[in-house]
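Next comes protein_1.pdb, with PDB, C-alpha atoms.
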```pdb
MODEL        1
ATOM      1  CA  MET M   1      12.363 -21.861  -7.807
ATOM      2  CA  THR M   2      12.612 -18.778  -5.569
ATOM      3  CA  GLU M   3       9.868 -18.079  -3.009
ATOM      4  CA  LEU M   4       8.806 -14.442  -2.665
ATOM      5  CA  LEU M   5       6.725 -12.925   0.126
ATOM      6  CA  PHE M   6       5.694  -9.379  -0.820
ATOM      7  CA  ILE M   7       4.181  -7.271   1.970
ATOM      8  CA  ARG M   8       2.452  -3.943   1.528
ATOM      9  CA  HIS M   9       3.610  -1.414   4.131
ATOM     10  CA  PHE M  10       1.527  -0.648   7.233
ATOM     11  CA  GLU M  11      -0.929   2.238   7.436
ATOM     12  CA  THR M  12       0.027   5.928   7.352
ATOM     13  CA  ASP M  13      -2.130   8.986   7.982
ATOM     14  CA  TRP M  14      -1.922   9.701   4.267
ATOM     15  CA  ASN M  15      -3.432   6.286   3.501
ATOM     16  CA  ARG M  16      -6.409   7.249   5.657
ATOM     17  CA  GLN M  17      -6.625  10.659   3.974
ATOM     18  CA  GLN M  18      -6.193   8.979   0.568
ATOM     19  CA  ARG M  19      -3.384  11.279  -0.455
ATOM     20  CA  PHE M  20      -0.953  10.461  -3.256
ATOM     21  CA  GLN M  21       2.113   9.424  -1.256
ATOM     22  CA  GLY M  22       4.266   8.305  -4.155
ATOM     23  CA  GLN M  23       7.920   8.703  -3.231
ATOM     24  CA  ILE M  24       7.401  11.174  -0.372
ATOM     25  CA  ASP M  25       8.621   9.843   2.972
ATOM     26  CA  VAL M  26       5.606   9.437   5.273
ATOM     27  CA  PRO M  27       5.844   7.650   8.669
ATOM     28  CA  LEU M  28       3.475   4.985   9.953
ATOM     29  CA  ASN M  29       0.604   6.140  12.150
ATOM     30  CA  ALA M  30      -0.599   4.562  15.419
ATOM     31  CA  THR M  31      -2.725   2.021  13.550
ATOM     32  CA  GLY M  32       0.287   1.144  11.441
ATOM     33  CA  GLN M  33       2.345   0.513  14.553
ATOM     34  CA  ALA M  34      -0.359  -1.829  15.906
ATOM     35  CA  GLN M  35      -0.428  -3.634  12.575
ATOM     36  CA  ALA M  36       3.342  -3.988  12.815
ATOM     37  CA  ALA M  37       3.082  -5.846  16.095
ATOM     38  CA  ARG M  38       0.359  -8.158  14.772
ATOM     39  CA  MET M  39       2.193  -9.144  11.628
ATOM     40  CA  ALA M  40       5.544  -9.586  13.323
ATOM     41  CA  GLU M  41       3.919 -12.031  15.733
ATOM     42  CA  ARG M  42       2.264 -13.923  12.903
ATOM     43  CA  LEU M  43       5.461 -14.254  10.858
ATOM     44  CA  ALA M  44       7.870 -14.786  13.761
ATOM     45  CA  ALA M  45       8.052 -18.543  13.155
ATOM     46  CA  ASP M  46       7.941 -18.200   9.356
ATOM     47  CA  ARG M  47      11.524 -17.046   9.034
ATOM     48  CA  HIS M  48      12.752 -16.205   5.548
ATOM     49  CA  ASP M  49      16.333 -16.350   4.327
ATOM     50  CA  ALA M  50      16.558 -12.624   3.660
ATOM     51  CA  LEU M  51      14.493  -9.477   4.186
ATOM     52  CA  PHE M  52      14.360  -6.504   1.809
ATOM     53  CA  SER M  53      12.310  -3.330   1.604
ATOM     54  CA  SER M  54      11.699  -0.252  -0.450
ATOM     55  CA  ASP M  55      14.003   2.487   0.813
ATOM     56  CA  LEU M  56      11.033   4.750   1.649
ATOM     57  CA  LEU M  57      10.344   5.368   5.347
ATOM     58  CA  ARG M  58       6.958   3.664   5.597
ATOM     59  CA  ALA M  59       8.377   0.458   4.112
ATOM     60  CA  ARG M  60      11.484   0.534   6.300
ATOM     61  CA  GLU M  61       9.363   1.050   9.426
ATOM     62  CA  THR M  62       7.174  -1.867   8.367
ATOM     63  CA  ALA M  63      10.197  -4.122   7.929
ATOM     64  CA  ALA M  64      11.733  -3.223  11.309
ATOM     65  CA  PRO M  65       9.682  -5.588  13.566
ATOM     66  CA  LEU M  66      10.217  -8.483  11.172
ATOM     67  CA  ALA M  67      13.941  -7.795  11.193
ATOM     68  CA  ARG M  68      13.956  -8.003  14.992
ATOM     69  CA  HIS M  69      12.035 -11.296  15.040
ATOM     70  CA  TRP M  70      14.065 -12.898  12.274
ATOM     71  CA  GLY M  71      17.439 -11.685  13.489
ATOM     72  CA  HIS M  72      18.646 -10.043  10.300
ATOM     73  CA  GLY M  73      18.323  -6.500   8.988
ATOM     74  CA  ALA M  74      16.209  -5.355   6.062
ATOM     75  CA  VAL M  75      18.222  -4.431   2.968
ATOM     76  CA  PRO M  76      16.778  -1.297   1.275
ATOM     77  CA  LEU M  77      16.174  -1.596  -2.489
ATOM     78  CA  PRO M  78      15.160   1.622  -4.324
ATOM     79  CA  GLY M  79      13.790  -0.413  -7.233
ATOM     80  CA  PHE M  80      10.804  -1.384  -5.079
ATOM     81  CA  ARG M  81       9.752   2.226  -4.400
ATOM     82  CA  GLU M  82       6.224   3.351  -5.192
ATOM     83  CA  GLN M  83       5.465   4.954  -8.556
ATOM     84  CA  HIS M  84       6.443   8.616  -8.787
ATOM     85  CA  PHE M  85       3.318  10.752  -9.226
ATOM     86  CA  GLY M  86       5.128  14.001 -10.014
ATOM     87  CA  VAL M  87       3.210  17.209  -9.254
ATOM     88  CA  LEU M  88       0.338  15.275  -7.628
ATOM     89  CA  GLU M  89       2.403  13.836  -4.777
ATOM     90  CA  GLY M  90       1.159  14.944  -1.366
ATOM     91  CA  LEU M  91      -2.291  15.941  -2.646
ATOM     92  CA  ASP M  92      -5.679  14.322  -2.060
ATOM     93  CA  ALA M  93      -8.343  13.906  -4.733
ATOM     94  CA  PRO M  94     -10.418  17.052  -3.964
ATOM     95  CA  THR M  95      -7.282  19.199  -4.018
ATOM     96  CA  ILE M  96      -6.103  17.667  -7.295
ATOM     97  CA  GLN M  97      -9.521  18.226  -8.872
ATOM     98  CA  ALA M  98      -9.440  21.895  -7.825
ATOM     99  CA  ARG M  99      -5.814  22.657  -8.733
ATOM    100  CA  HIS M 100      -5.142  20.279 -11.623
ATOM    101  CA  PRO M 101      -8.488  19.305 -13.209
ATOM    102  CA  ASP M 102      -6.945  18.416 -16.575
ATOM    103  CA  LEU M 103      -4.287  16.205 -14.983
ATOM    104  CA  TRP M 104      -6.953  14.508 -12.865
ATOM    105  CA  LEU M 105      -8.971  13.581 -15.948
ATOM    106  CA  ARG M 106      -5.875  12.298 -17.741
ATOM    107  CA  TRP M 107      -4.917  10.276 -14.668
ATOM    108  CA  LEU M 108      -8.346   8.636 -14.502
ATOM    109  CA  GLU M 109      -7.775   7.183 -17.976
ATOM    110  CA  HIS M 110      -4.928   5.017 -16.546
ATOM    111  CA  ARG M 111      -2.989   4.852 -19.802
ATOM    112  CA  ALA M 112       0.247   2.882 -19.716
ATOM    113  CA  ASP M 113       2.348   5.540 -21.444
ATOM    114  CA  TYR M 114       0.962   8.642 -19.736
ATOM    115  CA  ALA M 115       3.315  10.227 -17.187
ATOM    116  CA  LEU M 116       2.209  13.034 -14.880
ATOM    117  CA  PRO M 117       4.549  16.060 -15.030
ATOM    118  CA  GLY M 118       7.674  15.097 -13.112
ATOM    119  CA  GLY M 119       6.489  11.525 -12.633
ATOM    120  CA  GLU M 120       6.660   8.011 -14.105
ATOM    121  CA  SER M 121       4.317   6.384 -16.579
ATOM    122  CA  LEU M 122       2.933   2.959 -15.710
ATOM    123  CA  ARG M 123       5.183   1.440 -18.363
ATOM    124  CA  GLN M 124       8.301   3.090 -16.904
ATOM    125  CA  PHE M 125       7.213   2.023 -13.427
ATOM    126  CA  HIS M 126       6.549  -1.567 -14.524
ATOM    127  CA  THR M 127       9.947  -1.759 -16.230
ATOM    128  CA  ARG M 128      11.671  -0.559 -13.042
ATOM    129  CA  VAL M 129       9.788  -2.975 -10.782
ATOM    130  CA  MET M 130      10.361  -6.021 -12.948
ATOM    131  CA  ALA M 131      14.051  -5.174 -13.334
ATOM    132  CA  ALA M 132      14.264  -5.098  -9.517
ATOM    133  CA  VAL M 133      12.529  -8.485  -9.299
ATOM    134  CA  ARG M 134      14.839 -10.069 -11.861
ATOM    135  CA  GLU M 135      17.942  -8.680 -10.183
ATOM    136  CA  LEU M 136      16.759  -9.936  -6.803
ATOM    137  CA  VAL M 137      15.927 -13.475  -7.905
ATOM    138  CA  SER M 138      19.144 -13.672  -9.919
ATOM    139  CA  SER M 139      21.267 -12.822  -6.876
ATOM    140  CA  GLN M 140      19.164 -14.883  -4.420
ATOM    141  CA  ALA M 141      18.063 -17.843  -6.531
ATOM    142  CA  GLY M 142      16.447 -20.747  -4.692
ATOM    143  CA  ARG M 143      15.959 -18.880  -1.405
ATOM    144  CA  ARG M 144      12.922 -17.679   0.569
ATOM    145  CA  LEU M 145      12.793 -13.897   0.315
ATOM    146  CA  ALA M 146      10.532 -11.284   1.933
ATOM    147  CA  VAL M 147      10.103  -7.802   0.453
ATOM    148  CA  VAL M 148       8.198  -4.897   2.022
ATOM    149  CA  THR M 149       6.881  -2.635  -0.707
ATOM    150  CA  HIS M 150       3.926  -0.528  -1.913
ATOM    151  CA  GLY M 151       0.489  -0.885  -3.447
ATOM    152  CA  GLY M 152       1.539   0.194  -6.909
ATOM    153  CA  VAL M 153       4.424  -2.267  -6.965
ATOM    154  CA  LEU M 154       2.064  -5.080  -6.016
ATOM    155  CA  ASP M 155      -0.269  -4.050  -8.834
ATOM    156  CA  MET M 156       2.635  -4.373 -11.274
ATOM    157  CA  LEU M 157       3.474  -7.832  -9.924
ATOM    158  CA  TRP M 158      -0.155  -8.980 -10.203
ATOM    159  CA  ARG M 159      -0.397  -7.783 -13.792
ATOM    160  CA  SER M 160       2.892  -9.436 -14.714
ATOM    161  CA  ALA M 161       1.968 -12.764 -13.120
ATOM    162  CA  HIS M 162      -1.409 -12.834 -14.888
ATOM    163  CA  GLY M 163      -0.322 -11.416 -18.229
ATOM    164  CA  LEU M 164      -2.607  -8.392 -17.883
ATOM    165  CA  PRO M 165      -2.182  -5.104 -19.770
ATOM    166  CA  LEU M 166      -0.813  -2.055 -17.985
ATOM    167  CA  ASP M 167      -3.741   0.107 -19.100
ATOM    168  CA  GLY M 168      -6.742   0.360 -16.798
ATOM    169  CA  MET M 169      -7.633   0.283 -13.113
ATOM    170  CA  ARG M 170      -6.313  -2.260 -10.639
ATOM    171  CA  ALA M 171      -8.035  -5.614 -10.767
ATOM    172  CA  CYS M 172      -6.887  -6.949  -7.380
ATOM    173  CA  GLU M 173      -7.248  -6.184  -3.687
ATOM    174  CA  ILE M 174      -4.144  -4.638  -2.058
ATOM    175  CA  PRO M 175      -4.680  -3.998   1.687
ATOM    176  CA  ASN M 176      -2.069  -2.417   3.922
ATOM    177  CA  THR M 177       0.033  -5.206   5.538
ATOM    178  CA  GLY M 178      -1.404  -7.768   3.128
ATOM    179  CA  LEU M 179       0.780 -10.838   2.603
ATOM    180  CA  ASN M 180       1.246 -11.814  -1.033
ATOM    181  CA  ARG M 181       3.054 -15.072  -1.732
ATOM    182  CA  LEU M 182       4.579 -15.536  -5.169
ATOM    183  CA  ARG M 183       7.317 -17.612  -6.680
ATOM    184  CA  TRP M 184       9.757 -17.137  -9.515
ATOM    185  CA  ALA M 185       9.922 -20.245 -11.658
ATOM    186  CA  GLY M 186      10.785 -20.734 -15.303
ATOM    187  CA  GLY M 187      11.653 -17.059 -15.695
ATOM    188  CA  ALA M 188       8.201 -15.825 -14.619
ATOM    189  CA  LEU M 189       6.178 -14.798 -11.579
ATOM    190  CA  GLN M 190       3.408 -17.040 -10.262
ATOM    191  CA  VAL M 191       0.897 -16.099  -7.548
ATOM    192  CA  GLU M 192       0.348 -18.636  -4.774
ATOM    193  CA  ALA M 193      -1.698 -16.521  -2.297
ATOM    194  CA  TRP M 194      -2.809 -12.888  -2.362
ATOM    195  CA  ALA M 195      -4.026 -10.144   0.010
ATOM    196  CA  ASP M 196      -3.873 -12.300   3.149
ATOM    197  CA  ALA M 197      -4.598  -9.901   6.014
ATOM    198  CA  VAL M 198      -6.205 -12.143   8.660
ATOM    199  CA  HIS M 199      -3.692 -10.836  11.214
ATOM    200  CA  LEU M 200      -5.615  -7.527  11.192
ATOM    201  CA  ALA M 201      -8.794  -9.042  12.658
ATOM    202  CA  GLY M 202     -10.102  -6.820  15.452
ATOM    203  CA  LEU M 203      -8.016  -3.772  14.578
ATOM    204  CA  GLN M 204      -9.539  -0.497  13.415
ATOM    205  CA  GLU M 205     -11.149  -0.903  10.001
ATOM    206  CA  GLN M 206      -9.087   0.501   7.150
ATOM    207  CA  PRO M 207     -10.344   2.567   4.235
ATOM    208  CA  ALA M 208     -10.314   0.884   0.857
ATOM    209  CA  ALA M 209      -6.983   1.265  -0.930
ATOM    210  CA  THR M 210      -7.058   3.530  -3.953
ATOM    211  CA  VAL M 211      -4.682   3.919  -6.843
ATOM    212  CA  GLY M 212      -2.198   6.642  -6.013
ATOM    213  CA  GLU M 213      -1.945   6.160  -2.266
ATOM    214  CA  GLY M 214       1.217   4.089  -2.417
TER
ENDMDL
END
```
Take the structure I supplied and represent it as structure tokens, if you would.
Amino acid sequence: MTELLFIRHFETDWNRQQRFQGQIDVPLNATGQAQAARMAERLAADRHDALFSSDLLRARETAAPLARHWGHGAVPLPGFREQHFGVLEGLDAPTIQARHPDLWLRWLEHRADYALPGGESLRQFHTRVMAAVRELVSSQAGRRLAVVTHGGVLDMLWRSAHGLPLDGMRACEIPNTGLNRLRWAGGALQVEAWADAVHLAGLQEQPAATVGEG
């Protein structure tokens, strides 16, 4: 069995603006930096054998305080990047509705095989994420691993662990900095704990996560 701690990155200004971040590099904001300090303190004594992250900036900045506490660097893994949203990346919902009304309506259908122009379909995204998981657990079998990643990636993990279809809206909560504990056993993912964000108590309230923020 391999233990897996998946962490959604800390908050960015684009999270608050509910823009489609996708694979654009966006830094953490001031709230994100405060969240970083809180979570690093919480996990300081819960040292894992290895730390990994998406290679996007917001994930790497999230992993940095954990790396300092645990005494080993975060290895960037492109396979754990957010879904690519093509021409919609960098835009918020009102802008998309004004500039790309047809694409917005197609996007709202959340079909597994629909890819936005220049982007990935959910099925392509899921295939990439699960290949990254399998490669990681194959090379690190039996260890305790932490991975800083994105909301869309966590959605793919949740669906895989519960045998859910790729079509349709998310069916789980995915807060920024949420701790999601899974394990790989018998060739499959199993969820042990999900969306644990008690370390954020007292910080500025966050907006609800929406599909597309990343």
* To do: Apply the PyMOL selection byres ((chain M and resi 1-11) around 7) to the structure shown and report the selected residues as an MDAnalysis selection string.
  => chainID M and resid 12:13 15 28:29 31:32 35:36 58:59 62 137 141:151 176:185
Next on the checklist: I need the output of the PyMOL selection byres ((chain M and resi 154-167) around 9) for this file as a PyMOL selection string; which residues are they?
Outcome noted: chain M and resi 6-8+109-113+122-123+125-126+129-130+149-153+168-174+180+182+188-191
- Item | Spatial neighbours of range 63-79 of chain M, 6 Å, only C-alpha atoms, chain gap at least 5 places, as a ChimeraX atom specification | /M:40,44,47,51-55,129,132
As a check of understanding: the span from CA of Asp102 in chain M to CA of Gln83 in chain M is 20.0 Å
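Going from CA of Asp196 in chain M to CA of Trp14 in chain M covers 22.1 Å.
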